[in-house]
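This is target-v4.pdb (PDB, C-alpha atoms).
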ATOM      1  CA  MET A 203      40.401  20.305  47.383  1.00  0.00           C
ATOM      2  CA  GLN A 204      38.849  20.906  43.974  1.00  0.00           C
ATOM      3  CA  TYR A 205      35.193  19.967  43.404  1.00  0.00           C
ATOM      4  CA  VAL A 206      34.796  17.935  40.227  1.00  0.00           C
ATOM      5  CA  PRO A 207      31.125  17.178  39.454  1.00  0.00           C
ATOM      6  CA  TRP A 208      31.781  14.524  36.784  1.00  0.00           C
ATOM      7  CA  HIS A 209      33.477  11.190  36.437  1.00  0.00           C
ATOM      8  CA  ASN A 210      37.173  11.394  35.573  1.00  0.00           C
ATOM      9  CA  GLY A 211      37.704   7.829  34.389  1.00  0.00           C
ATOM     10  CA  SER A 212      37.842   6.220  31.000  1.00  0.00           C
ATOM     11  CA  ILE A 213      34.081   5.936  30.620  1.00  0.00           C
ATOM     12  CA  GLU A 214      32.643   7.520  27.479  1.00  0.00           C
ATOM     13  CA  LEU A 215      29.574   9.738  27.774  1.00  0.00           C
ATOM     14  CA  MET A 216      27.631  11.511  25.043  1.00  0.00           C
ATOM     15  CA  THR A 217      25.425  14.549  24.449  1.00  0.00           C
ATOM     16  CA  LYS A 218      23.546  15.237  21.201  1.00  0.00           C
ATOM     17  CA  VAL A 219      22.016  18.554  20.204  1.00  0.00           C
ATOM     18  CA  VAL A 220      20.171  19.686  17.085  1.00  0.00           C
ATOM     19  CA  ILE A 221      20.524  23.379  16.261  1.00  0.00           C
ATOM     20  CA  TYR A 222      18.263  25.110  13.752  1.00  0.00           C
ATOM     21  CA  GLY A 223      19.351  28.329  12.112  1.00  0.00           C
ATOM     22  CA  GLY A 224      16.970  31.268  11.976  1.00  0.00           C
ATOM     23  CA  ALA A 225      16.221  32.578   8.503  1.00  0.00           C
ATOM     24  CA  CYS A 226      18.401  29.964   6.787  1.00  0.00           C
ATOM     25  CA  LYS A 227      16.469  27.040   8.382  1.00  0.00           C
ATOM     26  CA  PHE A 228      19.580  24.832   8.160  1.00  0.00           C
ATOM     27  CA  ARG A 229      19.764  21.904  10.575  1.00  0.00           C
ATOM     28  CA  THR A 230      23.023  21.173  12.400  1.00  0.00           C
ATOM     29  CA  GLU A 231      23.454  18.094  14.573  1.00  0.00           C
ATOM     30  CA  VAL A 232      26.215  18.151  17.186  1.00  0.00           C
ATOM     31  CA  THR A 233      27.463  15.088  19.036  1.00  0.00           C
ATOM     32  CA  ILE A 234      29.819  15.485  21.981  1.00  0.00           C
ATOM     33  CA  LEU A 235      31.609  12.338  23.113  1.00  0.00           C
ATOM     34  CA  ARG A 236      33.442  12.695  26.422  1.00  0.00           C
ATOM     35  CA  ASP A 237      36.236  10.548  27.761  1.00  0.00           C
ATOM     36  CA  GLY A 238      37.430  11.899  31.109  1.00  0.00           C
ATOM     37  CA  TRP A 239      38.658  15.467  30.590  1.00  0.00           C
ATOM     38  CA  ASP A 240      38.536  15.299  26.775  1.00  0.00           C
ATOM     39  CA  VAL A 241      35.717  15.626  24.263  1.00  0.00           C
ATOM     40  CA  THR A 242      35.425  14.678  20.623  1.00  0.00           C
ATOM     41  CA  ILE A 243      33.131  16.938  18.619  1.00  0.00           C
ATOM     42  CA  ASN A 244      31.177  15.688  15.617  1.00  0.00           C
ATOM     43  CA  VAL A 245      29.164  18.162  13.554  1.00  0.00           C
ATOM     44  CA  SER A 246      26.820  17.244  10.722  1.00  0.00           C
ATOM     45  CA  SER A 247      25.222  20.254   9.065  1.00  0.00           C
ATOM     46  CA  GLU A 248      23.144  21.129   6.022  1.00  0.00           C
ATOM     47  CA  CYS A 249      25.129  24.384   5.952  1.00  0.00           C
ATOM     48  CA  LYS A 250      28.564  24.130   4.332  1.00  0.00           C
ATOM     49  CA  HIS A 251      29.905  26.939   6.518  1.00  0.00           C
ATOM     50  CA  CYS A 252      28.734  25.267   9.738  1.00  0.00           C
ATOM     51  CA  GLN A 253      30.153  21.947   8.561  1.00  0.00           C
ATOM     52  CA  ASP A 254      33.553  23.524   7.893  1.00  0.00           C
ATOM     53  CA  TYR A 255      33.332  25.307  11.243  1.00  0.00           C
ATOM     54  CA  GLY A 256      32.563  22.048  13.049  1.00  0.00           C
ATOM     55  CA  ASN A 257      35.426  20.285  11.310  1.00  0.00           C
ATOM     56  CA  SER A 258      37.792  23.017  12.533  1.00  0.00           C
ATOM     57  CA  ILE A 259      37.342  21.914  16.186  1.00  0.00           C
ATOM     58  CA  PRO A 260      37.380  18.089  16.193  1.00  0.00           C
ATOM     59  CA  SER A 261      38.374  17.707  19.851  1.00  0.00           C
ATOM     60  CA  LEU A 262      39.493  19.582  22.931  1.00  0.00           C
ATOM     61  CA  SER A 263      40.171  19.267  26.616  1.00  0.00           C
ATOM     62  CA  PHE A 264      38.228  20.709  29.524  1.00  0.00           C
ATOM     63  CA  PHE A 265      41.344  22.763  30.218  1.00  0.00           C
ATOM     64  CA  ASP A 266      41.087  24.406  26.778  1.00  0.00           C
ATOM     65  CA  LEU A 267      37.825  25.946  28.013  1.00  0.00           C
ATOM     66  CA  PHE A 268      39.130  26.730  31.499  1.00  0.00           C
ATOM     67  CA  PRO A 269      42.875  27.363  31.095  1.00  0.00           C
ATOM     68  CA  GLU A 270      43.169  29.023  34.513  1.00  0.00           C
ATOM     69  CA  ARG A 271      41.821  27.043  37.461  1.00  0.00           C
ATOM     70  CA  GLY A 272      39.102  28.753  39.418  1.00  0.00           C
ATOM     71  CA  LYS A 273      38.327  31.272  36.675  1.00  0.00           C
ATOM     72  CA  PRO A 274      35.351  31.208  34.314  1.00  0.00           C
ATOM     73  CA  ALA A 275      35.647  30.060  30.713  1.00  0.00           C
ATOM     74  CA  VAL A 276      37.817  32.286  28.554  1.00  0.00           C
ATOM     75  CA  GLY A 277      36.152  35.334  27.044  1.00  0.00           C
ATOM     76  CA  PHE A 278      34.572  35.612  23.633  1.00  0.00           C
ATOM     77  CA  MET A 279      37.682  36.920  21.903  1.00  0.00           C
ATOM     78  CA  GLU A 280      39.981  34.229  23.336  1.00  0.00           C
ATOM     79  CA  ASN A 281      37.529  31.356  22.939  1.00  0.00           C
ATOM     80  CA  ILE A 282      38.370  28.911  20.111  1.00  0.00           C
ATOM     81  CA  PHE A 283      34.675  28.529  19.264  1.00  0.00           C
ATOM     82  CA  TYR A 284      34.211  32.216  18.569  1.00  0.00           C
ATOM     83  CA  LYS A 285      37.641  32.656  16.971  1.00  0.00           C
ATOM     84  CA  ASN A 286      36.838  29.881  14.498  1.00  0.00           C
ATOM     85  CA  ALA A 287      33.287  31.186  13.999  1.00  0.00           C
ATOM     86  CA  ASP A 288      34.838  34.448  12.850  1.00  0.00           C
ATOM     87  CA  ILE A 289      36.853  32.502  10.270  1.00  0.00           C
ATOM     88  CA  TYR A 290      34.230  30.061   8.965  1.00  0.00           C
ATOM     89  CA  LEU A 291      30.768  31.561   9.488  1.00  0.00           C
ATOM     90  CA  PRO A 292      29.440  34.367   7.292  1.00  0.00           C
ATOM     91  CA  HIS A 293      26.847  35.617   9.808  1.00  0.00           C
ATOM     92  CA  VAL A 294      27.560  36.798  13.354  1.00  0.00           C
ATOM     93  CA  ASP A 295      24.072  35.776  14.496  1.00  0.00           C
ATOM     94  CA  CYS A 296      24.531  32.058  13.698  1.00  0.00           C
ATOM     95  CA  PRO A 297      23.385  30.034  16.757  1.00  0.00           C
ATOM     96  CA  VAL A 298      25.738  27.094  16.101  1.00  0.00           C
ATOM     97  CA  PRO A 299      28.746  28.302  18.176  1.00  0.00           C
ATOM     98  CA  CYS A 300      26.540  28.922  21.202  1.00  0.00           C
ATOM     99  CA  GLY A 301      24.775  25.571  20.781  1.00  0.00           C
ATOM    100  CA  LEU A 302      28.091  23.766  20.451  1.00  0.00           C
ATOM    101  CA  LEU A 303      29.430  25.357  23.639  1.00  0.00           C
ATOM    102  CA  LYS A 304      26.221  24.625  25.540  1.00  0.00           C
ATOM    103  CA  ALA A 305      26.405  20.962  24.483  1.00  0.00           C
ATOM    104  CA  ILE A 306      29.996  20.689  25.728  1.00  0.00           C
ATOM    105  CA  PHE A 307      29.185  22.419  29.023  1.00  0.00           C
ATOM    106  CA  ALA A 308      26.179  20.111  29.494  1.00  0.00           C
ATOM    107  CA  GLU A 309      28.364  17.083  28.780  1.00  0.00           C
ATOM    108  CA  PHE A 310      30.746  18.222  31.538  1.00  0.00           C
ATOM    109  CA  ASP A 311      27.704  18.676  33.862  1.00  0.00           C
ATOM    110  CA  LEU A 312      28.326  22.426  34.041  1.00  0.00           C
ATOM    111  CA  GLN A 313      24.875  23.282  32.639  1.00  0.00           C
ATOM    112  CA  LEU A 314      21.469  21.704  32.537  1.00  0.00           C
ATOM    113  CA  LYS A 315      20.457  20.174  29.235  1.00  0.00           C
ATOM    114  CA  GLU A 316      18.026  23.016  28.566  1.00  0.00           C
ATOM    115  CA  ALA A 317      17.777  24.814  25.242  1.00  0.00           C
ATOM    116  CA  PRO A 318      17.949  28.590  25.113  1.00  0.00           C
ATOM    117  CA  ARG A 319      14.950  30.196  23.495  1.00  0.00           C
ATOM    118  CA  PHE A 320      14.398  33.298  21.431  1.00  0.00           C
ATOM    119  CA  GLU A 321      10.859  34.447  20.898  1.00  0.00           C
ATOM    120  CA  PHE A 322       9.950  37.371  18.661  1.00  0.00           C
ATOM    121  CA  ILE A 323       6.909  39.114  20.111  1.00  0.00           C
ATOM    122  CA  ASP A 324       6.527  41.963  17.635  1.00  0.00           C
TER     123      ASP A 324
END
Go through the file and emit its structure as structure tokens.
Amino acid sequence: MQYVPWHNGSIELMTKVVIYGGACKFRTEVTILRDGWDVTINVSSECKHCQDYGNSIPSLSFFDLFPERGKPAVGFMENIFYKNADIYLPHVDCPVPCGLLKAIFAEFDLQLKEAPRFEFID
């Protein structure tokens, strides 16, 4: 028997996240709307590159993230979020792909809705 920690009906659920770039200071708002095993992704960004990136992944299924049952999410190089980031984003340190993934995982109840934090101490 497979443990499924979320509702698998036709109810729609939503997670919203605001991601701020580092030096660029651009604001990107991500909305994840879930319906069962599927999510619709809406990205609104001050950064043209992040907007184009967000538009490149309008929706996906839980099984796109976990194509093999019982195994963790696909690796960086096979993951659509990082493949598309390589195409659309000019900087490898952009936090938007990570924030987008964290929002989706939180929407599927696979992570707490807690923001990661970077703190420069020197």
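Here the PyMOL selection byres ((chain A and resi 260) around 8) matches the residues A:Thr242, A:Ile243, A:Asn244, A:Gly256, A:Asn257, A:Ser258, A:Ile259, A:Ser261, A:Leu262.
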(request) For A:Asn286, list every protein, DNA or RNA residue within 9 Å, evaluated using only C-alpha atoms, and leave out those in the same chain fewer than 4 positions away; present the list as a PyMOL selection string. (result) chain A and resi 255+258-259+281-282+290-291
Report as a PDB file with C-alpha atoms, keeping the file's coordinate frame the residues that result from applying the PyMOL selection byres ((chain A and resi 296) around 12) to the structure here.
ATOM      1  CA  ILE A 221      20.524  23.379  16.261  1.00  0.00           C
ATOM      2  CA  TYR A 222      18.263  25.110  13.752  1.00  0.00           C
ATOM      3  CA  GLY A 223      19.351  28.329  12.112  1.00  0.00           C
ATOM      4  CA  GLY A 224      16.970  31.268  11.976  1.00  0.00           C
ATOM      5  CA  ALA A 225      16.221  32.578   8.503  1.00  0.00           C
ATOM      6  CA  CYS A 226      18.401  29.964   6.787  1.00  0.00           C
ATOM      7  CA  LYS A 227      16.469  27.040   8.382  1.00  0.00           C
ATOM      8  CA  PHE A 228      19.580  24.832   8.160  1.00  0.00           C
ATOM      9  CA  ARG A 229      19.764  21.904  10.575  1.00  0.00           C
ATOM     10  CA  THR A 230      23.023  21.173  12.400  1.00  0.00           C
ATOM     11  CA  CYS A 249      25.129  24.384   5.952  1.00  0.00           C
ATOM     12  CA  HIS A 251      29.905  26.939   6.518  1.00  0.00           C
ATOM     13  CA  CYS A 252      28.734  25.267   9.738  1.00  0.00           C
ATOM     14  CA  TYR A 255      33.332  25.307  11.243  1.00  0.00           C
ATOM     15  CA  TYR A 284      34.211  32.216  18.569  1.00  0.00           C
ATOM     16  CA  ALA A 287      33.287  31.186  13.999  1.00  0.00           C
ATOM     17  CA  ASP A 288      34.838  34.448  12.850  1.00  0.00           C
ATOM     18  CA  TYR A 290      34.230  30.061   8.965  1.00  0.00           C
ATOM     19  CA  LEU A 291      30.768  31.561   9.488  1.00  0.00           C
ATOM     20  CA  PRO A 292      29.440  34.367   7.292  1.00  0.00           C
ATOM     21  CA  HIS A 293      26.847  35.617   9.808  1.00  0.00           C
ATOM     22  CA  VAL A 294      27.560  36.798  13.354  1.00  0.00           C
ATOM     23  CA  ASP A 295      24.072  35.776  14.496  1.00  0.00           C
ATOM     24  CA  PRO A 297      23.385  30.034  16.757  1.00  0.00           C
ATOM     25  CA  VAL A 298      25.738  27.094  16.101  1.00  0.00           C
ATOM     26  CA  PRO A 299      28.746  28.302  18.176  1.00  0.00           C
ATOM     27  CA  CYS A 300      26.540  28.922  21.202  1.00  0.00           C
ATOM     28  CA  GLY A 301      24.775  25.571  20.781  1.00  0.00           C
ATOM     29  CA  LEU A 302      28.091  23.766  20.451  1.00  0.00           C
TER      30      LEU A 302
END
(request) Would you mind listing what lies within 10 Å of A:Leu215 as a PyMOL selection string, with only C-alpha atoms counted and same-chain residues fewer than 4 positions away left out? (result) chain A and resi 209+234-238+241+309-310
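Here atom CA of A:Lys250 stands at a distance of 28.9 Å from atom CA of A:Phe265.
Atom to atom, atom CA of A:Val232 and atom CA of A:Ser246 stand 6.6 Å apart.
From atom CA of A:Asp254 back to atom CA of A:Asp240, the distance works out to 21.2 Å.
Nearest-residue note for A:Lys315: choosing from A:Leu303, A:Met279, A:Ser263, A:Val245, the minimum distance belongs to A:Leu303, counting only C-alpha atoms.
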